[in-house]
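Asks: Pasting input24.cif here (mmCIF, C-alpha atoms):
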```
data_query
loop_
_atom_site.label_atom_id
_atom_site.label_comp_id
_atom_site.auth_asym_id
_atom_site.auth_seq_id
_atom_site.Cartn_x
_atom_site.Cartn_y
_atom_site.Cartn_z
CA ALA A 1 -21.18 7.43 11.46
CA LEU A 2 -20.16 4.60 13.80
CA GLU A 3 -18.24 1.70 12.28
CA VAL A 4 -18.88 -1.59 14.09
CA VAL A 5 -17.85 -5.23 13.79
CA LEU A 6 -20.34 -8.05 13.28
CA SER A 7 -18.88 -11.46 14.06
CA CYS A 8 -20.16 -14.98 14.73
CA ASP A 9 -18.76 -18.46 15.21
CA ALA A 10 -19.77 -22.09 14.83
CA GLY A 11 -19.67 -22.99 18.52
CA GLY A 12 -21.44 -20.25 20.47
CA SER A 13 -24.53 -21.44 22.34
CA LEU A 14 -25.64 -18.13 23.89
CA CYS A 15 -25.73 -15.88 20.83
CA ASN A 16 -25.63 -16.13 17.07
CA CYS A 17 -23.92 -12.83 16.32
CA SER A 18 -22.19 -10.17 18.40
CA VAL A 19 -21.70 -6.49 17.58
CA TRP A 20 -18.72 -4.63 19.01
CA GLU A 21 -16.81 -1.39 18.62
CA PRO A 22 -13.46 -2.07 16.90
CA ARG A 23 -11.23 0.54 18.56
CA SER A 24 -12.26 -0.12 22.16
CA GLY A 25 -13.47 -3.71 21.85
CA THR A 26 -16.67 -2.80 23.73
CA SER A 27 -19.54 -5.24 23.15
CA LEU A 28 -22.57 -3.28 21.94
CA THR A 29 -25.22 -5.95 21.44
CA THR A 30 -25.83 -9.61 20.59
CA TYR A 31 -28.40 -11.52 18.54
CA ARG A 32 -29.60 -14.84 19.92
CA GLY A 33 -30.54 -18.06 18.17
CA GLY A 34 -28.44 -20.67 16.37
CA ASN A 35 -25.14 -20.36 14.51
CA SER A 36 -24.66 -18.82 11.06
CA SER A 37 -22.75 -20.56 8.27
CA ALA A 38 -19.62 -19.10 6.68
CA ARG A 39 -20.36 -16.26 4.23
CA ALA A 40 -24.02 -16.38 5.21
CA LEU A 41 -24.49 -13.35 7.51
CA CYS A 42 -25.87 -10.12 5.97
CA THR A 43 -27.71 -6.93 6.83
CA LEU A 44 -30.80 -5.99 4.84
CA GLY A 45 -31.57 -2.34 4.18
CA GLY A 46 -30.14 -1.24 7.52
CA GLU A 47 -33.21 -2.73 9.24
CA TYR A 48 -32.79 -6.51 9.37
CA LEU A 49 -30.04 -9.05 10.04
CA LEU A 50 -30.09 -12.33 8.10
CA GLY A 51 -28.14 -15.47 8.97
CA ALA A 52 -28.31 -18.88 7.29
CA GLN A 53 -28.04 -21.55 9.96
CA ILE A 54 -25.32 -24.20 9.90
CA GLY A 55 -26.69 -27.47 8.56
CA LYS A 56 -30.29 -26.14 8.55
CA SER A 57 -32.63 -25.38 5.67
CA TYR A 58 -33.73 -21.93 6.84
CA ILE A 59 -32.50 -18.37 7.19
CA SER A 60 -33.01 -16.58 10.52
CA VAL A 61 -34.16 -12.96 10.38
CA TRP A 62 -33.81 -10.42 13.20
CA GLU A 63 -34.98 -6.83 13.36
CA LEU A 64 -31.77 -4.95 14.11
CA GLN A 65 -33.09 -3.34 17.30
CA ARG A 66 -34.85 -6.50 18.63
CA LYS A 67 -31.96 -8.75 19.55
CA ASP A 68 -33.66 -11.45 21.61
CA GLN A 69 -36.52 -12.27 19.27
CA LEU A 70 -36.41 -13.77 15.80
CA GLN A 71 -38.66 -11.80 13.47
CA GLN A 72 -39.19 -14.82 11.22
CA LYS A 73 -37.54 -17.78 9.49
CA ILE A 74 -37.19 -18.02 5.73
CA ILE A 75 -37.74 -21.70 4.96
CA CYS A 76 -35.55 -22.91 2.10
CA PRO A 77 -35.70 -26.08 -0.03
CA GLY A 78 -32.28 -27.19 1.23
CA ILE A 79 -29.27 -26.32 3.37
CA VAL A 80 -28.00 -22.80 2.62
CA THR A 81 -24.23 -22.73 2.05
CA CYS A 82 -23.88 -19.00 1.26
CA LEU A 83 -26.04 -15.88 1.34
CA ALA A 84 -25.97 -12.36 -0.11
CA VAL A 85 -28.27 -9.31 -0.03
CA SER A 86 -28.19 -6.64 -2.74
CA PRO A 87 -26.92 -3.27 -1.40
CA ASN A 88 -30.17 -1.59 -2.48
CA GLY A 89 -32.09 -4.02 -0.26
CA LEU A 90 -34.37 -5.32 -3.02
CA TYR A 91 -33.10 -8.88 -3.54
CA ILE A 92 -31.76 -11.85 -1.58
CA THR A 93 -29.67 -14.62 -3.13
CA ALA A 94 -28.81 -17.94 -1.49
CA GLY A 95 -26.66 -20.85 -2.55
CA ILE A 96 -28.42 -24.17 -1.94
CA GLU A 97 -26.38 -27.16 -3.10
CA GLU A 98 -25.35 -26.27 -6.69
CA SER A 99 -28.25 -23.84 -7.34
CA ILE A 100 -28.71 -20.10 -6.76
CA TYR A 101 -32.09 -18.90 -5.47
CA LEU A 102 -33.18 -15.28 -6.03
CA TRP A 103 -35.98 -13.72 -3.95
CA GLU A 104 -37.66 -10.32 -4.22
CA VAL A 105 -37.73 -8.75 -0.77
CA SER A 106 -40.87 -6.63 -1.22
CA THR A 107 -43.11 -9.58 -2.17
CA GLY A 108 -41.22 -12.62 -0.89
CA ASN A 109 -41.54 -14.21 -4.34
CA LEU A 110 -38.87 -16.63 -5.48
CA LEU A 111 -38.12 -15.11 -8.88
CA LEU A 112 -35.86 -17.80 -10.30
CA THR A 113 -33.32 -20.53 -9.64
CA LEU A 114 -30.00 -20.72 -11.48
CA SER A 115 -28.38 -24.13 -11.93
CA ARG A 116 -25.18 -23.51 -13.85
CA HIS A 117 -22.76 -24.72 -11.17
CA PHE A 118 -21.95 -28.42 -11.04
CA GLN A 119 -21.08 -28.67 -7.35
CA GLU A 120 -21.97 -26.93 -4.09
CA LEU A 121 -21.74 -23.13 -3.99
CA THR A 122 -19.28 -21.53 -1.58
CA CYS A 123 -19.85 -17.78 -1.94
CA ILE A 124 -22.06 -15.14 -3.59
CA ARG A 125 -21.30 -11.40 -3.75
CA PHE A 126 -23.16 -8.38 -5.18
CA THR A 127 -21.49 -5.41 -6.83
CA ASP A 128 -21.83 -2.12 -4.96
CA ASP A 129 -24.59 -0.86 -7.31
CA SER A 130 -26.59 -4.14 -7.16
CA SER A 131 -26.38 -4.52 -10.97
CA HIS A 132 -24.49 -7.84 -10.91
CA PHE A 133 -23.76 -10.70 -8.56
CA ILE A 134 -20.91 -13.19 -8.72
CA SER A 135 -21.05 -16.81 -7.58
CA GLY A 136 -18.26 -19.28 -6.84
CA GLY A 137 -18.38 -22.97 -6.07
CA LYS A 138 -16.52 -26.21 -5.44
CA ASP A 139 -16.60 -26.86 -9.20
CA ASN A 140 -13.74 -24.29 -9.55
CA LEU A 141 -16.02 -21.93 -11.51
CA VAL A 142 -16.80 -18.25 -10.98
CA LEU A 143 -19.97 -17.04 -12.74
CA VAL A 144 -20.97 -13.40 -13.32
CA TRP A 145 -24.72 -12.70 -13.49
CA ASN A 146 -26.36 -9.53 -14.81
CA LEU A 147 -29.37 -8.97 -12.55
CA CYS A 148 -31.24 -6.79 -15.06
CA SER A 149 -30.96 -9.47 -17.75
CA LEU A 150 -32.10 -12.20 -15.36
CA LEU A 151 -35.21 -10.28 -14.30
CA GLN A 152 -36.35 -9.66 -17.88
CA ILE A 153 -35.72 -13.15 -19.23
CA GLY A 154 -38.72 -15.33 -20.02
CA TYR A 155 -39.41 -18.49 -18.03
CA ALA A 156 -39.02 -20.58 -21.18
CA ARG A 157 -35.41 -19.47 -21.67
CA VAL A 158 -32.45 -20.80 -19.70
CA PRO A 159 -30.59 -17.94 -17.96
CA GLU A 160 -26.97 -17.59 -19.03
CA PRO A 161 -24.18 -15.92 -17.04
CA GLN A 162 -22.51 -12.84 -18.49
CA HIS A 163 -19.06 -14.33 -17.89
CA VAL A 164 -17.76 -17.80 -16.99
CA TRP A 165 -14.34 -17.68 -15.31
CA SER A 166 -12.76 -21.14 -15.26
CA ARG A 167 -9.09 -20.36 -14.59
CA HIS A 168 -9.08 -21.77 -11.04
CA THR A 169 -8.12 -25.44 -10.72
CA LEU A 170 -9.51 -26.11 -7.21
CA PRO A 171 -12.64 -24.96 -5.33
CA VAL A 172 -13.28 -21.22 -5.08
CA THR A 173 -13.25 -20.10 -1.43
CA ASP A 174 -14.04 -16.37 -1.49
CA ILE A 175 -15.00 -13.46 -3.76
CA HIS A 176 -14.62 -9.71 -3.27
CA CYS A 177 -16.27 -7.04 -5.46
CA GLY A 178 -14.53 -3.69 -5.77
CA VAL A 179 -16.16 -0.31 -6.31
CA GLY A 180 -17.51 0.91 -9.63
CA GLY A 181 -20.58 -1.22 -10.36
CA PRO A 182 -20.32 -2.66 -13.91
CA LEU A 183 -16.77 -1.28 -14.23
CA SER A 184 -15.50 -2.78 -10.97
CA ARG A 185 -12.72 -5.29 -10.42
CA ILE A 186 -13.40 -8.69 -8.87
CA ALA A 187 -10.96 -10.68 -6.71
CA THR A 188 -11.40 -14.45 -6.40
CA ALA A 189 -9.55 -16.81 -4.02
CA SER A 190 -9.11 -20.55 -4.31
CA LEU A 191 -7.56 -23.61 -2.73
CA ASP A 192 -5.28 -23.77 -5.80
CA GLN A 193 -3.08 -21.24 -3.93
CA THR A 194 -3.96 -18.35 -6.24
CA VAL A 195 -5.89 -15.10 -6.07
CA LYS A 196 -7.07 -13.74 -9.40
CA LEU A 197 -8.13 -10.19 -10.26
CA TRP A 198 -10.73 -9.74 -13.02
CA GLU A 199 -12.28 -6.86 -14.99
CA LEU A 200 -16.05 -7.17 -14.66
CA SER A 201 -16.98 -5.21 -17.80
CA CYS A 202 -15.06 -7.35 -20.29
CA GLY A 203 -14.37 -10.47 -18.20
CA GLU A 204 -10.61 -10.21 -18.73
CA LEU A 205 -8.13 -11.66 -16.24
CA LEU A 206 -5.95 -8.77 -15.02
CA MET A 207 -3.62 -10.55 -12.61
CA SER A 208 -2.99 -13.89 -10.94
CA VAL A 209 -0.96 -14.11 -7.72
CA LEU A 210 0.47 -17.47 -6.63
CA PHE A 211 1.12 -18.22 -2.94
CA ASP A 212 2.67 -21.10 -1.01
CA VAL A 213 -0.62 -22.10 0.66
CA GLY A 214 -4.30 -22.34 -0.22
CA ILE A 215 -6.17 -19.03 0.11
CA MET A 216 -9.39 -19.03 2.15
CA SER A 217 -10.40 -15.33 2.05
CA VAL A 218 -9.69 -12.16 0.08
CA THR A 219 -10.50 -8.44 0.19
CA LEU A 220 -9.33 -5.10 -1.23
CA ASP A 221 -8.84 -1.81 0.58
CA PRO A 222 -11.31 1.00 -0.31
CA CYS A 223 -8.82 2.64 -2.72
CA GLU A 224 -7.97 -0.75 -4.27
CA TYR A 225 -4.23 -0.21 -3.83
CA ASN A 226 -3.71 -3.38 -1.78
CA LEU A 227 -4.99 -6.94 -1.95
CA PHE A 228 -5.29 -8.88 1.35
CA CYS A 229 -5.34 -12.68 1.21
CA GLY A 230 -6.02 -15.02 4.15
CA GLY A 231 -4.05 -18.26 4.01
CA HIS A 232 -4.86 -21.79 5.12
CA ASP A 233 -1.91 -21.67 7.55
CA GLY A 234 -3.13 -18.52 9.37
CA SER A 235 -0.97 -16.00 7.50
CA ILE A 236 -2.45 -12.88 5.90
CA PHE A 237 -0.62 -11.67 2.79
CA GLN A 238 -0.65 -8.08 1.55
CA VAL A 239 -0.08 -7.55 -2.19
CA ASN A 240 0.51 -3.99 -3.40
CA LEU A 241 -1.05 -3.66 -6.84
CA PHE A 242 0.95 -0.57 -7.83
CA THR A 243 4.56 -1.44 -6.96
CA GLY A 244 7.17 -3.17 -9.04
CA PRO A 245 6.78 -4.19 -12.67
CA VAL A 246 3.24 -4.87 -13.86
CA GLU A 247 2.95 -8.64 -14.30
CA ARG A 248 -0.05 -10.72 -15.22
CA GLU A 249 1.42 -13.74 -13.41
CA LYS A 250 2.98 -12.93 -10.04
CA ASN A 251 4.56 -15.10 -7.33
CA PHE A 252 4.37 -14.04 -3.68
CA GLN A 253 7.71 -15.08 -2.21
CA THR A 254 7.28 -15.66 1.54
CA ASP A 255 10.95 -15.17 2.39
CA LYS A 256 11.43 -12.11 0.21
CA ASP A 257 8.07 -10.48 1.04
CA ALA A 258 8.06 -11.32 4.77
CA SER A 259 7.40 -7.65 5.63
CA GLN A 260 4.04 -7.93 3.83
CA ILE A 261 2.67 -10.72 6.03
CA PHE A 262 0.38 -10.36 9.06
CA LYS A 263 1.31 -13.09 11.56
CA GLY A 264 -0.73 -14.11 14.61
CA HIS A 265 -3.48 -16.55 13.67
CA ARG A 266 -2.79 -20.24 14.30
CA ASN A 267 -5.35 -21.65 11.85
CA GLN A 268 -6.95 -20.78 8.51
CA VAL A 269 -8.18 -17.21 8.03
CA THR A 270 -11.81 -17.47 6.93
CA CYS A 271 -12.85 -13.80 6.63
CA LEU A 272 -11.24 -10.41 5.98
CA SER A 273 -12.57 -6.85 6.02
CA VAL A 274 -10.94 -3.40 5.77
CA SER A 275 -12.15 -0.32 7.63
CA ILE A 276 -13.72 2.51 5.64
CA ASP A 277 -10.64 4.72 6.13
CA GLY A 278 -8.30 1.95 4.96
CA THR A 279 -6.14 1.91 8.11
CA MET A 280 -7.40 -1.23 9.88
CA LEU A 281 -7.80 -4.83 8.79
CA LEU A 282 -10.23 -7.23 10.49
CA SER A 283 -9.63 -10.99 10.30
CA GLY A 284 -11.50 -14.04 11.57
CA SER A 285 -9.98 -17.50 11.90
CA HIS A 286 -10.68 -21.11 12.79
CA ASP A 287 -8.39 -20.55 15.80
CA GLU A 288 -11.54 -19.07 17.43
CA THR A 289 -10.31 -15.46 17.41
CA VAL A 290 -11.08 -12.24 15.57
CA ARG A 291 -8.12 -9.88 15.25
CA LEU A 292 -7.92 -6.19 14.41
CA TRP A 293 -4.70 -5.09 12.69
CA ASP A 294 -3.02 -1.76 11.99
CA ILE A 295 -2.26 -2.03 8.26
CA PRO A 296 0.84 0.23 8.01
CA SER A 297 2.67 -1.43 10.92
CA LYS A 298 1.16 -4.96 10.61
CA GLN A 299 0.64 -4.91 14.39
CA CYS A 300 -2.32 -6.62 16.06
CA LEU A 301 -4.36 -3.97 17.90
CA ARG A 302 -6.97 -6.23 19.46
CA THR A 303 -7.89 -9.90 19.79
CA VAL A 304 -11.46 -10.98 20.54
CA ASN A 305 -11.96 -14.61 21.55
CA HIS A 306 -14.94 -16.66 20.38
CA LYS A 307 -16.42 -20.02 21.40
CA GLY A 308 -15.70 -21.80 18.14
CA PRO A 309 -14.27 -21.38 14.63
CA VAL A 310 -15.14 -17.90 13.34
CA THR A 311 -17.51 -18.14 10.36
CA ASN A 312 -18.25 -14.45 9.69
CA ALA A 313 -16.59 -11.17 10.66
CA PHE A 314 -16.86 -7.85 8.86
CA LEU A 315 -16.80 -4.10 9.45
CA THR A 316 -19.90 -2.09 8.60
CA ILE A 317 -21.53 1.27 9.32
CA ALA A 318 -24.11 0.91 12.10
CA SER A 319 -27.60 1.98 11.12
CA ALA A 320 -29.72 4.18 13.39
CA ASN A 321 -32.09 1.25 14.03
CA MET A 322 -29.44 -0.89 15.66
CA PHE A 323 -29.30 0.98 18.97
CA ASN A 324 -32.78 2.53 19.16
CA PRO A 325 -35.25 0.09 20.79
CA ASP A 326 -38.21 2.30 19.83
CA CYS A 327 -37.37 2.15 16.12
CA ARG A 328 -39.29 -0.21 13.86
CA PRO A 329 -38.55 -1.26 10.27
CA SER A 330 -40.22 0.91 7.65
CA ILE A 331 -41.40 -2.20 5.79
CA SER A 332 -42.30 -5.56 7.33
CA LEU A 333 -40.94 -8.61 5.54
CA PRO A 334 -43.47 -10.85 3.76
CA LYS A 335 -43.53 -14.63 3.84
CA PHE A 336 -40.89 -15.98 1.45
CA SER A 337 -41.91 -18.70 -1.00
CA LYS A 338 -40.03 -21.94 -1.65
CA HIS A 339 -41.06 -22.32 -5.29
CA VAL A 340 -40.64 -20.11 -8.32
CA HIS A 341 -43.41 -17.52 -8.38
CA SER A 342 -44.81 -18.38 -11.83
CA SER A 343 -45.67 -21.91 -10.72
CA GLU A 344 -47.33 -20.70 -7.54
CA MET A 345 -49.74 -18.15 -9.07
CA THR A 346 -53.34 -19.21 -8.87
CA GLU A 347 -56.17 -18.09 -11.13
CA ASN A 348 -57.37 -15.68 -8.46
CA GLU A 349 -53.93 -14.13 -8.16
CA GLU A 350 -53.72 -13.75 -11.93
CA GLY A 351 -57.15 -12.19 -11.98
CA CYS A 352 -56.08 -9.58 -9.44
CA ALA A 353 -53.10 -8.49 -11.52
CA ILE A 354 -53.32 -5.02 -13.06
CA THR A 355 -51.55 -4.12 -16.28
CA LEU A 356 -50.80 -0.46 -16.94
CA CYS A 357 -50.40 0.48 -20.61
CA LEU A 358 -48.79 3.90 -20.86
CA GLN A 359 -49.00 5.87 -24.14
CA HIS A 360 -51.42 3.33 -25.59
CA GLY A 361 -51.90 5.21 -28.87
CA GLN A 362 -48.20 5.38 -29.69
CA LYS A 363 -47.40 3.20 -32.71
CA GLU A 364 -43.64 2.83 -32.29
CA ALA A 365 -42.50 0.27 -29.76
CA GLN A 366 -40.74 1.69 -26.74
CA GLU A 367 -37.32 0.47 -25.68
CA SER A 368 -37.31 -1.99 -22.80
CA ASN A 369 -35.38 -1.25 -19.63
CA LEU A 370 -32.90 -3.97 -20.62
CA GLU A 371 -32.19 -2.28 -23.98
CA LYS A 372 -31.72 1.08 -22.26
CA ALA A 373 -29.38 -0.51 -19.71
CA GLU A 374 -27.35 -2.16 -22.48
CA GLN A 375 -27.05 1.16 -24.32
CA LEU A 376 -25.89 2.91 -21.16
CA TYR A 377 -23.43 0.11 -20.45
CA SER A 378 -22.03 0.38 -24.02
CA LEU A 379 -21.59 4.13 -23.61
CA MET A 380 -19.78 3.64 -20.29
CA CYS A 381 -17.43 1.04 -21.79
CA ALA A 382 -16.81 3.25 -24.84
CA ALA A 383 -15.94 6.17 -22.57
CA ALA A 384 -13.57 3.97 -20.56
CA ASP A 385 -11.90 2.69 -23.76
CA LYS A 386 -11.51 6.24 -25.04
CA ASN A 387 -9.84 7.37 -21.84
CA MET A 388 -7.43 4.43 -21.70
CA LEU A 389 -6.73 3.62 -25.36
CA GLY A 390 -7.83 6.65 -27.37
CA ASP A 391 -10.69 6.90 -29.82
CA GLY A 392 -9.68 4.26 -32.38
CA GLU A 393 -12.13 2.65 -34.77
CA ASN A 394 -9.58 -0.07 -35.55
CA THR A 395 -9.55 -1.17 -31.90
CA LYS A 396 -13.34 -1.38 -31.77
CA MET A 397 -13.50 -3.34 -35.02
CA HIS A 398 -10.85 -5.75 -33.76
CA VAL A 399 -12.77 -6.28 -30.49
CA ALA A 400 -15.99 -6.94 -32.41
CA GLU A 401 -14.22 -9.51 -34.61
CA LEU A 402 -12.79 -11.26 -31.55
CA GLU A 403 -16.22 -11.35 -29.86
CA ASP A 404 -17.75 -12.96 -32.98
CA GLU A 405 -14.94 -15.51 -33.06
CA VAL A 406 -15.49 -16.35 -29.38
CA LYS A 407 -19.22 -16.85 -29.98
CA THR A 408 -18.47 -19.18 -32.90
CA LEU A 409 -15.98 -21.19 -30.84
CA LYS A 410 -18.46 -21.47 -27.95
CA LYS A 411 -21.12 -22.81 -30.33
CA ILE A 412 -18.68 -25.36 -31.78
CA ASN A 413 -17.66 -26.41 -28.26
CA ARG A 414 -21.30 -26.79 -27.21
CA ASP A 415 -22.11 -28.88 -30.30
CA LEU A 416 -19.10 -31.15 -29.69
CA TYR A 417 -20.13 -31.61 -26.07
CA ASP A 418 -23.73 -32.51 -27.03
CA PHE A 419 -22.49 -34.95 -29.66
CA SER A 420 -20.07 -36.67 -27.24
CA VAL A 421 -22.81 -36.99 -24.62
CA GLN A 422 -25.11 -38.63 -27.17
CA VAL A 423 -22.37 -41.12 -28.19
CA LEU A 424 -21.53 -42.00 -24.59
CA THR A 425 -25.15 -42.50 -23.57
CA LYS A 426 -25.79 -44.77 -26.57
CA GLN A 427 -22.79 -46.93 -25.62
CA THR A 428 -24.05 -47.40 -22.06
#
```
Can you dump the structure from the file as C-alpha cells?
Replies:
Amino acid sequence: ALEVVLSCDAGGSLCNCSVWEPRSGTSLTTYRGGNSSARALCTLGGEYLLGAQIGKSYISVWELQRKDQLQQKIICPGIVTCLAVSPNGLYITAGIEESIYLWEVSTGNLLLTLSRHFQELTCIRFTDDSSHFISGGKDNLVLVWNLCSLLQIGYARVPEPQHVWSRHTLPVTDIHCGVGGPLSRIATASLDQTVKLWELSCGELLMSVLFDVGIMSVTLDPCEYNLFCGGHDGSIFQVNLFTGPVEREKNFQTDKDASQIFKGHRNQVTCLSVSIDGTMLLSGSHDETVRLWDIPSKQCLRTVNHKGPVTNAFLTIASANMFNPDCRPSISLPKFSKHVHSSEMTENEEGCAITLCLQHGQKEAQESNLEKAEQLYSLMCAAADKNMLGDGENTKMHVAELEDEVKTLKKINRDLYDFSVQVLTKQT
C-alpha cells in the first residue's frame, strides 16, 4: 500500500489539490479547478475526490483517475464551511452556516438537515466505523450525532444529539476521532487555548490540556499514545497521554516542555496528520508550506511550498483508481438534491415505491434495527465496564440513578428557558 499526501491551498490558480509521495516529495498528480475550503477536502469510497469551494455554494467532484475534468458539481443551498464523508462511503455531511446537511450517496437524496448549532460550523468528523459523526462550531459547542438514530427518526420529530459538549469557551477549530467506533475517544481543539479529550460512549471529559496560545488543529497517533496540537503561533505541541501523573486538568508549560515542541512554521498550523506507522507527522500552515516531521527527533524531513495559505493536508492510502487512467468508478454518482427528500417526492415517485413485508404472518413485532443497535451498544458498554471496573450491580444502579437525575435536570432547564423566552418576548 502506498501512503500519499493530499494538500491544497487558498491561493493556487493552476490546481485545486496536489498528490505527492511523502518520503521523496515527488509530485504524483494534481486536480484542477478552484480552491477548497479548510476541512472540506475528502475522498469518497476510494473512487472520488470531493472539495467544497472557498466562498462558493457547491462541492466539486473529481473521479480520482480523471484529474483534469470535473465529474460534477453538487449544488448546495449555501456556502459550505466544512465537509465530511463517512468511511463506508454511504453518506456525505456538509456544514452550511449553522446547519448540517446529510446526503445519501447512492440516491443523492438529502435525508435531513440538523440545526442545533447557533453559529457557523467549523468542522465535522465521522468515527472510523461510520456509526457517529461529531460537529463543532463557532458557538463553542461540540455535538455528537448517532447516525443510526438519525436515519430512523420520523420527519415530525426534531433530531437530538447523543451528547452536547459545552466545555469550550471560544470557537471550536478542529476535531479528531480516534479508533474504536462507539468506544472511541474524541479530541477537540479551540481558540480558548485548550484541547479536550472525550469518551464517546458516555460523553465524559477525560482530560483538558491548557496551552499558551489558541489551538487551530489536533490529531492523535494511530496507537493514541500522543496528542499533537497545532498552535496559532506556528508551534506544534506533543502531549504524551501515558507519562507523569494522570490529571484531568493539565497545563503544557512551554519552557519546561520545550523538547516536546515542533518548531519551523511561521504562522498558524491549520492541519495535522500522522502516518499509518506513527513515525511521521504532516503539518500545513498559513505560512504557505506543508512540512513533514520525524516524530522521535522532532526534525523537519521535508518542506513543500504552496501558493497560498494551506487549507487541507493529510496522509492517506492511495487507492488503485488514483494512478490507473483506464479505471472507472464502480458506481456513478447521482444528482444531489438541495431539499429534504420527503418534500421533493411526487405522487409518481411514491407510486413507484415498493414495500417488502417479510414474514407477513408472524404476529409478534420484530425488533427494529435501531433497537438491535442499542442492545449491541449496551452489551459493548457493559463488557467495557466489566473489564475496567468489575461486575458490580451497585455501580450500574448508581449510573442509572445519575442518568435519571440528568434527564430531570435537563427538563427543568428546558422549561426555565422556555418560560424566560416567553417573559422576554411579552415585554418587548
Asks: Out of A:Trp145, A:Phe336, A:Trp198, A:Trp165, which residue has the shortest atom-to-atom distance to A:Val105 when counting all atoms listed in the file?
Replies: A:Phe336
Asks: Of the residues A:Ser190, A:Gln65, A:Ser99, A:Asn305, which is the one nearest to A:Arg116, using all atoms listed in the file?
Replies: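 Ranked by minimum distance to A:Arg116, first place goes to A:Ser99.
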Asks: Write out as a list in words which residues come within 9 Å of A:Ser283 when counting all atoms listed in the file, dropping same-chain ones fewer than 2 positions away.
Replies: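 The residues satisfying every condition are Gly230, Ile236, His265, Val269, Thr270, Cys271, Leu272, Ser273, Val274, Leu281, Ser285, Thr289, Val290, Arg291, Leu292, Trp293, Ala313 and Phe314 of chain A.
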Asks: Go through A:Leu183, A:Ile175, A:Ile79, A:Leu102 and flag the residue nearest A:Cys202, using all atoms listed in the file for the distances.
Replies: A:Leu183
Asks: Could you write out as a ChimeraX atom specification the residues that the PyMOL selection byres ((chain A and resi 172) around 7) matches in the shown file?
Replies: /A:122,136-138,140,170-171,173-174,189-191
Asks: For A:Asp128, which residue out of A:Asn312, A:Thr113, A:Gln162, A:Asn88 is the nearest one, using all atoms listed in the file?
Replies: A:Asn88
Asks: Step by step, work through what the PyMOL selection byres ((chain A and resi 19-23) around 12) selects in the shown file, and finish by giving those residues as a PyMOL selection string.
Replies: chain A and resi 2-8+15-18+24-32+49+64-65+67+273-275+279-283+290-294+300-304+312-318+322-323
Asks: Would you export the selected residues with C-alpha atoms as a PDB file, in the frame of the given file, please?
Replies:
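And here is the file that came out, out00.pdb:
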```
ATOM      1  CA  LEU A   2     -20.160   4.600  13.800  1.00  0.00           C
ATOM      2  CA  GLU A   3     -18.240   1.700  12.280  1.00  0.00           C
ATOM      3  CA  VAL A   4     -18.880  -1.590  14.090  1.00  0.00           C
ATOM      4  CA  VAL A   5     -17.850  -5.230  13.790  1.00  0.00           C
ATOM      5  CA  LEU A   6     -20.340  -8.050  13.280  1.00  0.00           C
ATOM      6  CA  SER A   7     -18.880 -11.460  14.060  1.00  0.00           C
ATOM      7  CA  CYS A   8     -20.160 -14.980  14.730  1.00  0.00           C
ATOM      8  CA  CYS A  15     -25.730 -15.880  20.830  1.00  0.00           C
ATOM      9  CA  ASN A  16     -25.630 -16.130  17.070  1.00  0.00           C
ATOM     10  CA  CYS A  17     -23.920 -12.830  16.320  1.00  0.00           C
ATOM     11  CA  SER A  18     -22.190 -10.170  18.400  1.00  0.00           C
ATOM     12  CA  SER A  24     -12.260  -0.120  22.160  1.00  0.00           C
ATOM     13  CA  GLY A  25     -13.470  -3.710  21.850  1.00  0.00           C
ATOM     14  CA  THR A  26     -16.670  -2.800  23.730  1.00  0.00           C
ATOM     15  CA  SER A  27     -19.540  -5.240  23.150  1.00  0.00           C
ATOM     16  CA  LEU A  28     -22.570  -3.280  21.940  1.00  0.00           C
ATOM     17  CA  THR A  29     -25.220  -5.950  21.440  1.00  0.00           C
ATOM     18  CA  THR A  30     -25.830  -9.610  20.590  1.00  0.00           C
ATOM     19  CA  TYR A  31     -28.400 -11.520  18.540  1.00  0.00           C
ATOM     20  CA  ARG A  32     -29.600 -14.840  19.920  1.00  0.00           C
ATOM     21  CA  LEU A  49     -30.040  -9.050  10.040  1.00  0.00           C
ATOM     22  CA  LEU A  64     -31.770  -4.950  14.110  1.00  0.00           C
ATOM     23  CA  GLN A  65     -33.090  -3.340  17.300  1.00  0.00           C
ATOM     24  CA  LYS A  67     -31.960  -8.750  19.550  1.00  0.00           C
ATOM     25  CA  SER A 273     -12.570  -6.850   6.020  1.00  0.00           C
ATOM     26  CA  VAL A 274     -10.940  -3.400   5.770  1.00  0.00           C
ATOM     27  CA  SER A 275     -12.150  -0.320   7.630  1.00  0.00           C
ATOM     28  CA  THR A 279      -6.140   1.910   8.110  1.00  0.00           C
ATOM     29  CA  MET A 280      -7.400  -1.230   9.880  1.00  0.00           C
ATOM     30  CA  LEU A 281      -7.800  -4.830   8.790  1.00  0.00           C
ATOM     31  CA  LEU A 282     -10.230  -7.230  10.490  1.00  0.00           C
ATOM     32  CA  SER A 283      -9.630 -10.990  10.300  1.00  0.00           C
ATOM     33  CA  VAL A 290     -11.080 -12.240  15.570  1.00  0.00           C
ATOM     34  CA  ARG A 291      -8.120  -9.880  15.250  1.00  0.00           C
ATOM     35  CA  LEU A 292      -7.920  -6.190  14.410  1.00  0.00           C
ATOM     36  CA  TRP A 293      -4.700  -5.090  12.690  1.00  0.00           C
ATOM     37  CA  ASP A 294      -3.020  -1.760  11.990  1.00  0.00           C
ATOM     38  CA  CYS A 300      -2.320  -6.620  16.060  1.00  0.00           C
ATOM     39  CA  LEU A 301      -4.360  -3.970  17.900  1.00  0.00           C
ATOM     40  CA  ARG A 302      -6.970  -6.230  19.460  1.00  0.00           C
ATOM     41  CA  THR A 303      -7.890  -9.900  19.790  1.00  0.00           C
ATOM     42  CA  VAL A 304     -11.460 -10.980  20.540  1.00  0.00           C
ATOM     43  CA  ASN A 312     -18.250 -14.450   9.690  1.00  0.00           C
ATOM     44  CA  ALA A 313     -16.590 -11.170  10.660  1.00  0.00           C
ATOM     45  CA  PHE A 314     -16.860  -7.850   8.860  1.00  0.00           C
ATOM     46  CA  LEU A 315     -16.800  -4.100   9.450  1.00  0.00           C
ATOM     47  CA  THR A 316     -19.900  -2.090   8.600  1.00  0.00           C
ATOM     48  CA  ILE A 317     -21.530   1.270   9.320  1.00  0.00           C
ATOM     49  CA  ALA A 318     -24.110   0.910  12.100  1.00  0.00           C
ATOM     50  CA  MET A 322     -29.440  -0.890  15.660  1.00  0.00           C
ATOM     51  CA  PHE A 323     -29.300   0.980  18.970  1.00  0.00           C
TER      52      PHE A 323
END
```
